[in-house]
$ cat model_11.cif   # mmCIF, C-alpha atoms
data_work
loop_
_atom_site.label_atom_id
_atom_site.label_comp_id
_atom_site.auth_asym_id
_atom_site.auth_seq_id
_atom_site.Cartn_x
_atom_site.Cartn_y
_atom_site.Cartn_z
CA MET A 1 -34.25 44.38 -35.13
CA LYS A 2 -36.34 41.33 -34.27
CA ALA A 3 -38.94 43.52 -32.58
CA LYS A 4 -39.10 45.64 -35.71
CA LEU A 5 -39.91 42.54 -37.72
CA GLY A 6 -42.68 41.78 -35.25
CA VAL A 7 -44.08 45.30 -35.54
CA SER A 8 -44.03 44.96 -39.33
CA ALA A 9 -45.98 41.72 -38.97
CA LEU A 10 -48.55 43.51 -36.78
CA ILE A 11 -48.96 46.25 -39.39
CA LEU A 12 -49.48 43.62 -42.11
CA LEU A 13 -52.02 41.83 -39.91
CA PHE A 14 -53.91 45.09 -39.42
CA LEU A 15 -54.02 45.60 -43.19
CA ALA A 16 -55.19 42.00 -43.65
CA GLY A 17 -58.01 42.65 -41.20
CA VAL A 18 -59.09 45.72 -43.12
CA TRP A 19 -58.96 43.71 -46.34
CA LEU A 20 -61.15 40.99 -44.82
CA ILE A 21 -63.78 43.58 -43.91
CA ALA A 22 -63.77 44.97 -47.43
CA ALA A 23 -63.37 41.66 -49.28
CA PRO A 24 -67.06 40.61 -49.56
CA PHE A 25 -67.88 43.89 -51.24
CA ALA A 26 -64.65 44.22 -53.19
CA VAL A 27 -64.69 40.68 -54.59
CA GLY A 28 -68.44 40.87 -55.14
CA TYR A 29 -69.81 37.82 -53.38
CA GLN A 30 -72.04 39.97 -51.19
CA PRO A 31 -74.85 41.49 -53.29
CA ARG A 32 -75.86 45.01 -52.40
CA GLY A 33 -78.97 45.33 -50.33
CA ALA A 34 -79.20 41.60 -49.69
CA VAL A 35 -79.01 39.86 -46.34
CA TYR A 36 -75.42 39.16 -45.39
CA ALA A 37 -74.26 35.72 -46.49
CA ASP A 38 -72.52 33.39 -44.03
CA ALA A 39 -69.15 34.03 -45.68
CA THR A 40 -69.68 37.77 -45.37
CA VAL A 41 -70.57 37.56 -41.69
CA ASN A 42 -67.51 35.39 -41.04
CA ASP A 43 -65.21 37.76 -42.91
CA LEU A 44 -66.58 40.80 -41.11
CA TRP A 45 -66.16 39.27 -37.66
CA VAL A 46 -62.72 37.78 -38.25
CA GLY A 47 -61.47 40.85 -40.13
CA GLY A 48 -62.78 43.21 -37.50
CA ALA A 49 -61.24 41.20 -34.69
CA LEU A 50 -57.92 40.93 -36.51
CA ALA A 51 -57.75 44.62 -37.30
CA GLY A 52 -58.80 45.59 -33.79
CA LEU A 53 -56.36 43.21 -32.14
CA SER A 54 -53.45 44.36 -34.28
CA PHE A 55 -54.33 47.99 -33.71
CA VAL A 56 -54.50 47.58 -29.94
CA ALA A 57 -51.19 45.71 -29.94
CA LEU A 58 -49.55 48.44 -31.99
CA VAL A 59 -50.91 51.13 -29.67
CA ILE A 60 -49.62 49.27 -26.59
CA TYR A 61 -46.24 48.80 -28.25
CA ALA A 62 -45.97 52.49 -29.11
CA ALA A 63 -47.15 53.58 -25.65
CA ASP A 64 -44.62 51.37 -23.88
CA ALA A 65 -41.83 52.56 -26.16
CA LEU A 66 -42.77 56.17 -25.46
CA ARG A 67 -42.86 55.51 -21.72
CA GLU A 68 -39.36 54.05 -21.92
CA LEU A 69 -38.16 57.04 -23.89
CA ALA A 70 -39.66 59.40 -21.35
CA GLY A 71 -37.93 57.49 -18.54
CA ARG A 72 -34.57 57.81 -20.27
CA GLY A 73 -35.12 61.53 -20.80
CA LYS A 74 -35.86 61.97 -17.11
CA HIS A 75 -32.61 60.22 -16.15
CA VAL A 76 -30.64 62.45 -18.50
CA ALA A 77 -32.28 65.58 -17.07
CA ASP A 78 -31.55 64.47 -13.49
CA SER A 79 -27.86 63.89 -14.14
CA MET B 1 -40.66 43.68 -22.37
CA ILE B 2 -44.43 43.94 -21.88
CA ARG B 3 -44.92 45.40 -25.32
CA LYS B 4 -43.09 42.50 -26.90
CA PHE B 5 -45.18 40.05 -24.94
CA VAL B 6 -48.37 41.79 -26.07
CA GLY B 7 -47.13 41.66 -29.65
CA ALA B 8 -46.38 37.94 -29.37
CA VAL B 9 -49.85 37.21 -27.97
CA ALA B 10 -51.53 39.29 -30.69
CA ALA B 11 -49.51 37.52 -33.39
CA ALA B 12 -50.42 34.13 -31.93
CA LEU B 13 -54.12 35.02 -31.96
CA ALA B 14 -53.76 36.21 -35.56
CA LEU B 15 -52.14 32.90 -36.45
CA MET B 16 -55.18 31.07 -35.10
CA ALA B 17 -57.52 33.44 -36.94
CA GLY B 18 -55.65 32.70 -40.16
CA LEU B 19 -56.03 28.97 -39.65
CA TRP B 20 -59.74 29.44 -39.00
CA LEU B 21 -60.11 31.49 -42.20
CA MET B 22 -58.54 28.66 -44.18
CA ILE B 23 -61.03 26.08 -42.97
CA ALA B 24 -64.08 28.35 -42.54
CA PRO B 25 -65.65 27.81 -46.00
CA PHE B 26 -65.62 24.05 -45.46
CA ALA B 27 -66.63 24.24 -41.81
CA LEU B 28 -69.51 26.64 -42.42
CA GLY B 29 -70.65 24.83 -45.55
CA THR B 30 -70.40 27.83 -47.86
CA GLN B 31 -68.18 25.78 -50.20
CA PRO B 32 -70.25 23.11 -52.03
CA GLU B 33 -68.71 19.66 -51.99
CA ASN B 34 -67.16 18.30 -55.19
CA ALA B 35 -67.30 21.68 -56.87
CA ASP B 36 -64.74 24.25 -57.91
CA TRP B 37 -63.83 26.74 -55.24
CA THR B 38 -66.16 29.70 -55.18
CA ASP B 39 -64.98 33.31 -54.93
CA PRO B 40 -65.57 33.55 -51.16
CA THR B 41 -63.66 30.30 -50.61
CA THR B 42 -60.67 31.41 -52.65
CA SER B 43 -60.60 34.81 -51.00
CA GLU B 44 -60.91 33.47 -47.46
CA PHE B 45 -58.47 30.61 -47.94
CA PHE B 46 -55.63 32.67 -49.37
CA THR B 47 -56.21 35.57 -47.01
CA GLY B 48 -56.14 33.10 -44.13
CA LEU B 49 -52.95 31.54 -45.45
CA GLY B 50 -51.27 34.93 -45.58
CA VAL B 51 -52.52 35.89 -42.13
CA ALA B 52 -51.28 32.59 -40.68
CA VAL B 53 -47.83 32.96 -42.21
CA VAL B 54 -47.47 36.58 -41.10
CA GLY B 55 -48.76 35.66 -37.64
CA LEU B 56 -46.20 32.88 -37.37
CA ILE B 57 -43.40 35.23 -38.39
CA GLY B 58 -44.64 37.76 -35.82
CA VAL B 59 -44.72 35.20 -33.03
CA ALA B 60 -41.19 34.03 -33.87
CA ALA B 61 -39.85 37.58 -34.10
CA PHE B 62 -41.38 38.72 -30.79
CA ALA B 63 -40.30 35.54 -29.02
CA ALA B 64 -36.74 36.02 -30.28
CA ALA B 65 -36.83 39.66 -29.15
CA ILE B 66 -38.02 38.63 -25.67
CA HIS B 67 -35.29 36.02 -25.44
CA GLU B 68 -32.69 38.56 -26.53
CA GLU B 69 -33.81 41.01 -23.87
CA LEU B 70 -33.75 38.34 -21.18
CA VAL B 71 -30.19 37.45 -22.17
CA VAL B 72 -29.16 41.13 -22.03
CA ARG B 73 -30.66 41.44 -18.54
CA GLY B 74 -28.82 38.33 -17.44
CA LEU B 75 -31.99 36.42 -16.59
CA VAL B 76 -31.32 33.72 -19.14
CA ALA B 77 -27.95 32.10 -19.57
CA VAL B 78 -26.98 31.31 -23.11
CA ARG B 79 -25.98 27.71 -23.41
CA GLN B 80 -22.48 27.44 -24.71
CA LYS B 81 -21.72 24.57 -26.94
CA PRO B 82 -19.18 22.38 -25.22
CA ALA B 83 -15.92 22.83 -27.04
CA GLU B 84 -14.86 19.68 -28.75
CA PRO B 85 -11.78 18.29 -27.06
CA GLU B 86 -8.82 18.40 -29.33
CA PRO B 87 -7.56 14.94 -30.10
CA GLU B 88 -4.44 14.29 -28.11
CA PRO B 89 -1.44 13.67 -30.29
CA VAL B 90 -0.76 9.99 -30.37
CA ALA B 91 2.66 9.24 -29.02
CA ALA B 92 4.79 7.77 -31.73
CA ALA B 93 5.65 4.15 -31.10
CA PRO B 94 9.25 3.92 -29.95
CA GLN B 95 11.35 2.76 -32.81
CA ALA B 96 13.75 0.24 -31.44
CA SER B 97 17.02 0.57 -33.19
CA SER B 98 18.94 -2.52 -34.15
CA ALA B 99 21.49 -1.83 -31.43
CA GLU B 100 18.79 -1.74 -28.75
CA LEU B 101 17.29 -4.89 -30.17
CA ALA B 102 20.62 -6.62 -30.02
CA SER B 103 21.18 -5.61 -26.42
CA LEU B 104 17.69 -6.85 -25.55
CA LEU B 105 18.23 -10.21 -27.20
CA ALA B 106 21.76 -10.70 -25.91
CA PRO B 107 20.76 -12.50 -22.66
CA LEU B 108 18.49 -14.81 -24.60
CA VAL B 109 21.21 -15.68 -27.09
CA GLU B 110 23.64 -16.24 -24.28
CA ALA B 111 21.23 -18.57 -22.50
CA LEU B 112 20.62 -20.55 -25.68
CA ARG B 113 24.33 -20.91 -26.32
CA GLU B 114 24.93 -22.09 -22.77
CA ASP B 115 22.11 -24.58 -23.12
CA LEU B 116 23.55 -25.96 -26.33
CA ASN B 117 27.00 -26.32 -24.78
CA THR B 118 25.55 -28.18 -21.82
CA ALA B 119 23.67 -30.52 -24.12
CA GLY B 120 26.84 -31.22 -26.13
CA ARG B 121 28.78 -32.16 -23.02
CA GLY B 122 26.09 -34.66 -21.99
CA GLY B 123 27.24 -37.24 -24.60
CA GLY B 124 24.62 -39.05 -26.66
CA GLU B 125 21.66 -37.93 -24.57
CA HIS B 126 19.27 -36.05 -26.74
CA ARG B 127 16.95 -35.20 -23.90
CA GLN B 128 18.42 -34.02 -20.70
CA ASN B 129 15.40 -33.74 -18.47
CA GLY B 130 13.72 -37.03 -19.36
CA LYS B 131 14.55 -40.32 -17.63
CA THR B 132 15.19 -42.10 -20.87
CA ALA B 133 16.34 -40.76 -24.14
CA LEU B 134 13.61 -40.64 -26.73
CA VAL B 135 16.01 -41.84 -29.41
CA GLY B 136 16.76 -44.94 -27.41
CA VAL B 137 13.08 -45.70 -26.92
CA GLU B 138 12.49 -45.46 -30.58
CA ASP B 139 15.42 -47.82 -31.31
CA ASN B 140 14.07 -50.47 -28.91
CA ARG B 141 10.73 -50.70 -30.67
#

$ encode --input "model_11.cif" --output "structure tokens"
Amino acid sequence: MKAKLGVSALILLFLAGVWLIAAPFAVGYQPRGAVYADATVNDLWVGGALAGLSFVALVIYAADALRELAGRGKHVADS
Amino acid sequence: MIRKFVGAVAAALALMAGLWLMIAPFALGTQPENADWTDPTTSEFFTGLGVAVVGLIGVAAFAAAIHEELVVRGLVAVRQKPAEPEPEPVAAAPQASSAELASLLAPLVEALREDLNTAGRGGGEHRQNGKTALVGVEDNR
């Protein structure tokens, strides 16, 4: 139950990262065709890192859970 | 176990990223001093606040999950609160009945009576142990 809450937090963090990447263009403080402003560069780097980090963590979580499931299935098949 | 640890580390890094987002407009100088917050500042600050809060919740949740698993595996002993000792019933003070009191005081009364009788037999002496009677001393003055 607690781990599920943590996974939900990771999903929200991934979405926040995606939002940060899109924010300069969605909010409109980055003009089209212009050189990226400092705020835009910061948002892109932080958002990208946040989304990437959350995604990797979610993938590792899912992979480990699957590995555990596979191990349990093997025990059941052996017995 | 590993996956929970990875989740906790990722959430902790996200917490720090959120804190950075909150201060970034002021640290990078994109927010002019003594002016209303610009759109980038508002967006970054509130996004950072949300990221920090969610990151904190994630860290707490994964840490609690790790602790729970360690307890299940028997690697961590749960501290039991020491049970409060029940107050011992105070023994009721023995109520001496009047009969017991009388039997206790009987030797004392007997001794007093004997002392009075002895003093009466001694004639006019008001003080038996002294060399001279105090009454006589007072009369001689």

$ closest_atom_pairs --input "model_11.cif" --of "chain A" --to "chain B" --cutoff "7 Å" --atoms "only C-alpha atoms" --output "JSON lines"
{"residue": "A:Lys2", "atom": "CA", "partner": "B:Ala61", "partner_atom": "CA", "distance": 5.1}
{"residue": "A:Ala3", "atom": "CA", "partner": "B:Ala65", "partner_atom": "CA", "distance": 5.6}
{"residue": "A:Leu5", "atom": "CA", "partner": "B:Ala61", "partner_atom": "CA", "distance": 6.1}
{"residue": "A:Gly6", "atom": "CA", "partner": "B:Gly58", "partner_atom": "CA", "distance": 4.5}
{"residue": "A:Ala9", "atom": "CA", "partner": "B:Gly58", "partner_atom": "CA", "distance": 5.2}
{"residue": "A:Leu10", "atom": "CA", "partner": "B:Ala11", "partner_atom": "CA", "distance": 6.9}
{"residue": "A:Leu13", "atom": "CA", "partner": "B:Val51", "partner_atom": "CA", "distance": 6.4}
{"residue": "A:Ala16", "atom": "CA", "partner": "B:Val51", "partner_atom": "CA", "distance": 6.8}
{"residue": "A:Tyr29", "atom": "CA", "partner": "B:Pro40", "partner_atom": "CA", "distance": 6.4}
{"residue": "A:Ala39", "atom": "CA", "partner": "B:Pro40", "partner_atom": "CA", "distance": 6.6}
{"residue": "A:Val46", "atom": "CA", "partner": "B:Ala17", "partner_atom": "CA", "distance": 6.9}
{"residue": "A:Leu50", "atom": "CA", "partner": "B:Ala14", "partner_atom": "CA", "distance": 6.4}
{"residue": "A:Leu53", "atom": "CA", "partner": "B:Ala10", "partner_atom": "CA", "distance": 6.4}
{"residue": "A:Ser54", "atom": "CA", "partner": "B:Ala10", "partner_atom": "CA", "distance": 6.5}
{"residue": "A:Ala57", "atom": "CA", "partner": "B:Gly7", "partner_atom": "CA", "distance": 5.7}
{"residue": "A:Ile60", "atom": "CA", "partner": "B:Arg3", "partner_atom": "CA", "distance": 6.2}
{"residue": "A:Tyr61", "atom": "CA", "partner": "B:Arg3", "partner_atom": "CA", "distance": 4.7}
{"residue": "A:Asp64", "atom": "CA", "partner": "B:Arg3", "partner_atom": "CA", "distance": 6.1}

$ resolve_selection --input "model_11.cif" --expression "the PyMOL selection byres ((chain A and resi 23) around 10)" --output "JSON, numbers by chain"
{"A": [16, 17, 18, 19, 20, 21, 22, 24, 25, 26, 27, 28, 29, 30, 40, 43, 44, 47], "B": [40, 43, 44, 47]}

$ atom_distance --input "model_11.cif" --atom1 "CA of Val76 in chain A" --atom2 "CA of Arg73 in chain B"
21.0 Å

$ axis_aligned_box --input "model_11.cif" --around "range 35-38 of chain A" --padding-each-side "4 Å" --output "JSON"
{"center_x": -75.8, "center_y": 36.6, "center_z": -45.3, "size_x": 14.5, "size_y": 14.5, "size_z": 10.5}

$ atom_distance --input "model_11.cif" --atom1 "CA of Leu15 in chain A" --atom2 "CA of Val35 in chain A"
25.8 Å

$ atom_distance --input "model_11.cif" --atom1 "CA of Ser8 in chain A" --atom2 "CA of Val76 in chain B"
26.4 Å

$ closest_residue --input "model_11.cif" --among "A:Ala49, A:Pro31, A:Leu12, A:Arg67" --to "Met16 in chain B" --atoms "all atoms listed in the file"
A:Ala49

$ closest_residue --input "model_11.cif" --among "B:Ser103, B:Gln80, B:Thr42, B:Thr118" --to "Ile23 in chain B" --atoms "all atoms listed in the file"
B:Thr42

$ decode --input "model_11.cif" --residues "range 1-48 of chain A" --atoms "N, CA and C atoms" --output "PDB file, in the first residue's frame"
ATOM      1  N   MET A   1       0.830  -1.200   0.000  1.00  0.00           N
ATOM      2  CA  MET A   1       0.000   0.000   0.000  1.00  0.00           C
ATOM      3  C   MET A   1       0.869   1.257   0.000  1.00  0.00           C
ATOM      4  N   LYS A   2       1.912   1.235   0.860  1.00  0.00           N
ATOM      5  CA  LYS A   2       2.803   2.395   0.916  1.00  0.00           C
ATOM      6  C   LYS A   2       3.613   2.499  -0.367  1.00  0.00           C
ATOM      7  N   ALA A   3       4.028   1.336  -0.889  1.00  0.00           N
ATOM      8  CA  ALA A   3       4.781   1.339  -2.148  1.00  0.00           C
ATOM      9  C   ALA A   3       3.909   1.858  -3.285  1.00  0.00           C
ATOM     10  N   LYS A   4       2.633   1.539  -3.237  1.00  0.00           N
ATOM     11  CA  LYS A   4       1.734   2.035  -4.287  1.00  0.00           C
ATOM     12  C   LYS A   4       1.652   3.562  -4.251  1.00  0.00           C
ATOM     13  N   LEU A   5       1.631   4.097  -3.054  1.00  0.00           N
ATOM     14  CA  LEU A   5       1.629   5.559  -2.919  1.00  0.00           C
ATOM     15  C   LEU A   5       2.905   6.142  -3.518  1.00  0.00           C
ATOM     16  N   GLY A   6       4.016   5.470  -3.281  1.00  0.00           N
ATOM     17  CA  GLY A   6       5.285   5.925  -3.850  1.00  0.00           C
ATOM     18  C   GLY A   6       5.279   5.863  -5.361  1.00  0.00           C
ATOM     19  N   VAL A   7       4.718   4.788  -5.919  1.00  0.00           N
ATOM     20  CA  VAL A   7       4.645   4.662  -7.378  1.00  0.00           C
ATOM     21  C   VAL A   7       3.750   5.766  -7.948  1.00  0.00           C
ATOM     22  N   SER A   8       2.658   6.056  -7.253  1.00  0.00           N
ATOM     23  CA  SER A   8       1.784   7.149  -7.700  1.00  0.00           C
ATOM     24  C   SER A   8       2.551   8.472  -7.706  1.00  0.00           C
ATOM     25  N   ALA A   9       3.371   8.671  -6.682  1.00  0.00           N
ATOM     26  CA  ALA A   9       4.184   9.897  -6.635  1.00  0.00           C
ATOM     27  C   ALA A   9       5.145   9.944  -7.818  1.00  0.00           C
ATOM     28  N   LEU A  10       5.739   8.801  -8.168  1.00  0.00           N
ATOM     29  CA  LEU A  10       6.665   8.772  -9.311  1.00  0.00           C
ATOM     30  C   LEU A  10       5.943   9.108 -10.614  1.00  0.00           C
ATOM     31  N   ILE A  11       4.723   8.598 -10.760  1.00  0.00           N
ATOM     32  CA  ILE A  11       3.951   8.906 -11.973  1.00  0.00           C
ATOM     33  C   ILE A  11       3.659  10.410 -12.043  1.00  0.00           C
ATOM     34  N   LEU A  12       3.269  10.980 -10.892  1.00  0.00           N
ATOM     35  CA  LEU A  12       2.996  12.424 -10.862  1.00  0.00           C
ATOM     36  C   LEU A  12       4.260  13.226 -11.173  1.00  0.00           C
ATOM     37  N   LEU A  13       5.399  12.752 -10.677  1.00  0.00           N
ATOM     38  CA  LEU A  13       6.654  13.456 -10.945  1.00  0.00           C
ATOM     39  C   LEU A  13       7.003  13.385 -12.428  1.00  0.00           C
ATOM     40  N   PHE A  14       6.723  12.257 -13.047  1.00  0.00           N
ATOM     41  CA  PHE A  14       6.966  12.128 -14.492  1.00  0.00           C
ATOM     42  C   PHE A  14       6.103  13.143 -15.264  1.00  0.00           C
ATOM     43  N   LEU A  15       4.825  13.227 -14.856  1.00  0.00           N
ATOM     44  CA  LEU A  15       3.925  14.178 -15.525  1.00  0.00           C
ATOM     45  C   LEU A  15       4.386  15.620 -15.295  1.00  0.00           C
ATOM     46  N   ALA A  16       4.887  15.887 -14.086  1.00  0.00           N
ATOM     47  CA  ALA A  16       5.391  17.241 -13.796  1.00  0.00           C
ATOM     48  C   ALA A  16       6.595  17.559 -14.673  1.00  0.00           C
ATOM     49  N   GLY A  17       7.440  16.564 -14.896  1.00  0.00           N
ATOM     50  CA  GLY A  17       8.589  16.774 -15.785  1.00  0.00           C
ATOM     51  C   GLY A  17       8.153  17.097 -17.203  1.00  0.00           C
ATOM     52  N   VAL A  18       7.170  16.361 -17.672  1.00  0.00           N
ATOM     53  CA  VAL A  18       6.658  16.621 -19.025  1.00  0.00           C
ATOM     54  C   VAL A  18       6.053  18.030 -19.104  1.00  0.00           C
ATOM     55  N   TRP A  19       5.334  18.406 -18.043  1.00  0.00           N
ATOM     56  CA  TRP A  19       4.755  19.751 -18.006  1.00  0.00           C
ATOM     57  C   TRP A  19       5.848  20.826 -18.039  1.00  0.00           C
ATOM     58  N   LEU A  20       6.930  20.599 -17.323  1.00  0.00           N
ATOM     59  CA  LEU A  20       8.010  21.581 -17.289  1.00  0.00           C
ATOM     60  C   LEU A  20       8.627  21.763 -18.674  1.00  0.00           C
ATOM     61  N   ILE A  21       8.703  20.675 -19.436  1.00  0.00           N
ATOM     62  CA  ILE A  21       9.267  20.782 -20.788  1.00  0.00           C
ATOM     63  C   ILE A  21       8.329  21.603 -21.681  1.00  0.00           C
ATOM     64  N   ALA A  22       7.038  21.403 -21.463  1.00  0.00           N
ATOM     65  CA  ALA A  22       6.070  22.075 -22.337  1.00  0.00           C
ATOM     66  C   ALA A  22       5.730  23.487 -21.863  1.00  0.00           C
ATOM     67  N   ALA A  23       5.997  23.770 -20.577  1.00  0.00           N
ATOM     68  CA  ALA A  23       5.521  25.022 -19.979  1.00  0.00           C
ATOM     69  C   ALA A  23       5.958  26.295 -20.730  1.00  0.00           C
ATOM     70  N   PRO A  24       7.228  26.438 -21.108  1.00  0.00           N
ATOM     71  CA  PRO A  24       7.624  27.701 -21.760  1.00  0.00           C
ATOM     72  C   PRO A  24       6.807  27.983 -23.018  1.00  0.00           C
ATOM     73  N   PHE A  25       6.428  26.944 -23.707  1.00  0.00           N
ATOM     74  CA  PHE A  25       5.673  27.135 -24.948  1.00  0.00           C
ATOM     75  C   PHE A  25       4.170  27.218 -24.659  1.00  0.00           C
ATOM     76  N   ALA A  26       3.746  26.484 -23.635  1.00  0.00           N
ATOM     77  CA  ALA A  26       2.315  26.491 -23.310  1.00  0.00           C
ATOM     78  C   ALA A  26       1.911  27.804 -22.632  1.00  0.00           C
ATOM     79  N   VAL A  27       2.755  28.275 -21.714  1.00  0.00           N
ATOM     80  CA  VAL A  27       2.430  29.522 -21.014  1.00  0.00           C
ATOM     81  C   VAL A  27       2.709  30.722 -21.925  1.00  0.00           C
ATOM     82  N   GLY A  28       3.704  30.596 -22.787  1.00  0.00           N
ATOM     83  CA  GLY A  28       3.940  31.642 -23.771  1.00  0.00           C
ATOM     84  C   GLY A  28       5.066  32.582 -23.431  1.00  0.00           C
ATOM     85  N   TYR A  29       5.937  32.205 -22.505  1.00  0.00           N
ATOM     86  CA  TYR A  29       7.056  33.117 -22.222  1.00  0.00           C
ATOM     87  C   TYR A  29       8.291  32.788 -23.062  1.00  0.00           C
ATOM     88  N   GLN A  30       8.162  31.859 -23.969  1.00  0.00           N
ATOM     89  CA  GLN A  30       9.236  31.602 -24.932  1.00  0.00           C
ATOM     90  C   GLN A  30       8.691  31.891 -26.328  1.00  0.00           C
ATOM     91  N   PRO A  31       9.103  33.038 -26.913  1.00  0.00           N
ATOM     92  CA  PRO A  31       8.610  33.376 -28.252  1.00  0.00           C
ATOM     93  C   PRO A  31       9.111  32.380 -29.299  1.00  0.00           C
ATOM     94  N   ARG A  32       8.293  32.157 -30.285  1.00  0.00           N
ATOM     95  CA  ARG A  32       8.672  31.198 -31.332  1.00  0.00           C
ATOM     96  C   ARG A  32       9.823  31.771 -32.169  1.00  0.00           C
ATOM     97  N   GLY A  33      10.738  30.928 -32.454  1.00  0.00           N
ATOM     98  CA  GLY A  33      11.838  31.323 -33.335  1.00  0.00           C
ATOM     99  C   GLY A  33      12.918  32.134 -32.656  1.00  0.00           C
ATOM    100  N   ALA A  34      12.693  32.505 -31.403  1.00  0.00           N
ATOM    101  CA  ALA A  34      13.696  33.317 -30.705  1.00  0.00           C
ATOM    102  C   ALA A  34      14.684  32.406 -29.983  1.00  0.00           C
ATOM    103  N   VAL A  35      15.802  33.006 -29.584  1.00  0.00           N
ATOM    104  CA  VAL A  35      16.775  32.243 -28.796  1.00  0.00           C
ATOM    105  C   VAL A  35      16.139  31.899 -27.452  1.00  0.00           C
ATOM    106  N   TYR A  36      16.432  30.701 -26.980  1.00  0.00           N
ATOM    107  CA  TYR A  36      15.818  30.272 -25.715  1.00  0.00           C
ATOM    108  C   TYR A  36      16.224  31.208 -24.562  1.00  0.00           C
ATOM    109  N   ALA A  37      15.213  31.617 -23.800  1.00  0.00           N
ATOM    110  CA  ALA A  37      15.487  32.454 -22.625  1.00  0.00           C
ATOM    111  C   ALA A  37      16.071  31.579 -21.506  1.00  0.00           C
ATOM    112  N   ASP A  38      16.644  32.250 -20.500  1.00  0.00           N
ATOM    113  CA  ASP A  38      17.241  31.488 -19.383  1.00  0.00           C
ATOM    114  C   ASP A  38      16.201  30.615 -18.691  1.00  0.00           C
ATOM    115  N   ALA A  39      14.993  31.167 -18.501  1.00  0.00           N
ATOM    116  CA  ALA A  39      13.942  30.405 -17.831  1.00  0.00           C
ATOM    117  C   ALA A  39      13.566  29.172 -18.650  1.00  0.00           C
ATOM    118  N   THR A  40      13.553  29.327 -19.962  1.00  0.00           N
ATOM    119  CA  THR A  40      13.220  28.196 -20.827  1.00  0.00           C
ATOM    120  C   THR A  40      14.282  27.100 -20.727  1.00  0.00           C
ATOM    121  N   VAL A  41      15.534  27.516 -20.781  1.00  0.00           N
ATOM    122  CA  VAL A  41      16.622  26.535 -20.693  1.00  0.00           C
ATOM    123  C   VAL A  41      16.547  25.789 -19.361  1.00  0.00           C
ATOM    124  N   ASN A  42      16.315  26.538 -18.287  1.00  0.00           N
ATOM    125  CA  ASN A  42      16.217  25.913 -16.960  1.00  0.00           C
ATOM    126  C   ASN A  42      15.060  24.916 -16.917  1.00  0.00           C
ATOM    127  N   ASP A  43      13.912  25.335 -17.429  1.00  0.00           N
ATOM    128  CA  ASP A  43      12.746  24.447 -17.408  1.00  0.00           C
ATOM    129  C   ASP A  43      12.993  23.181 -18.224  1.00  0.00           C
ATOM    130  N   LEU A  44      13.618  23.351 -19.380  1.00  0.00           N
ATOM    131  CA  LEU A  44      13.867  22.183 -20.236  1.00  0.00           C
ATOM    132  C   LEU A  44      14.817  21.190 -19.555  1.00  0.00           C
ATOM    133  N   TRP A  45      15.870  21.703 -18.958  1.00  0.00           N
ATOM    134  CA  TRP A  45      16.828  20.803 -18.304  1.00  0.00           C
ATOM    135  C   TRP A  45      16.216  20.102 -17.081  1.00  0.00           C
ATOM    136  N   VAL A  46      15.581  20.917 -16.231  1.00  0.00           N
ATOM    137  CA  VAL A  46      15.015  20.330 -15.002  1.00  0.00           C
ATOM    138  C   VAL A  46      13.864  19.395 -15.344  1.00  0.00           C
ATOM    139  N   GLY A  47      13.000  19.823 -16.274  1.00  0.00           N
ATOM    140  CA  GLY A  47      11.869  18.968 -16.662  1.00  0.00           C
ATOM    141  C   GLY A  47      12.333  17.686 -17.309  1.00  0.00           C
ATOM    142  N   GLY A  48      13.311  17.799 -18.174  1.00  0.00           N
ATOM    143  CA  GLY A  48      13.827  16.594 -18.825  1.00  0.00           C
ATOM    144  C   GLY A  48      14.446  15.630 -17.823  1.00  0.00           C
TER     145      GLY A  48
END
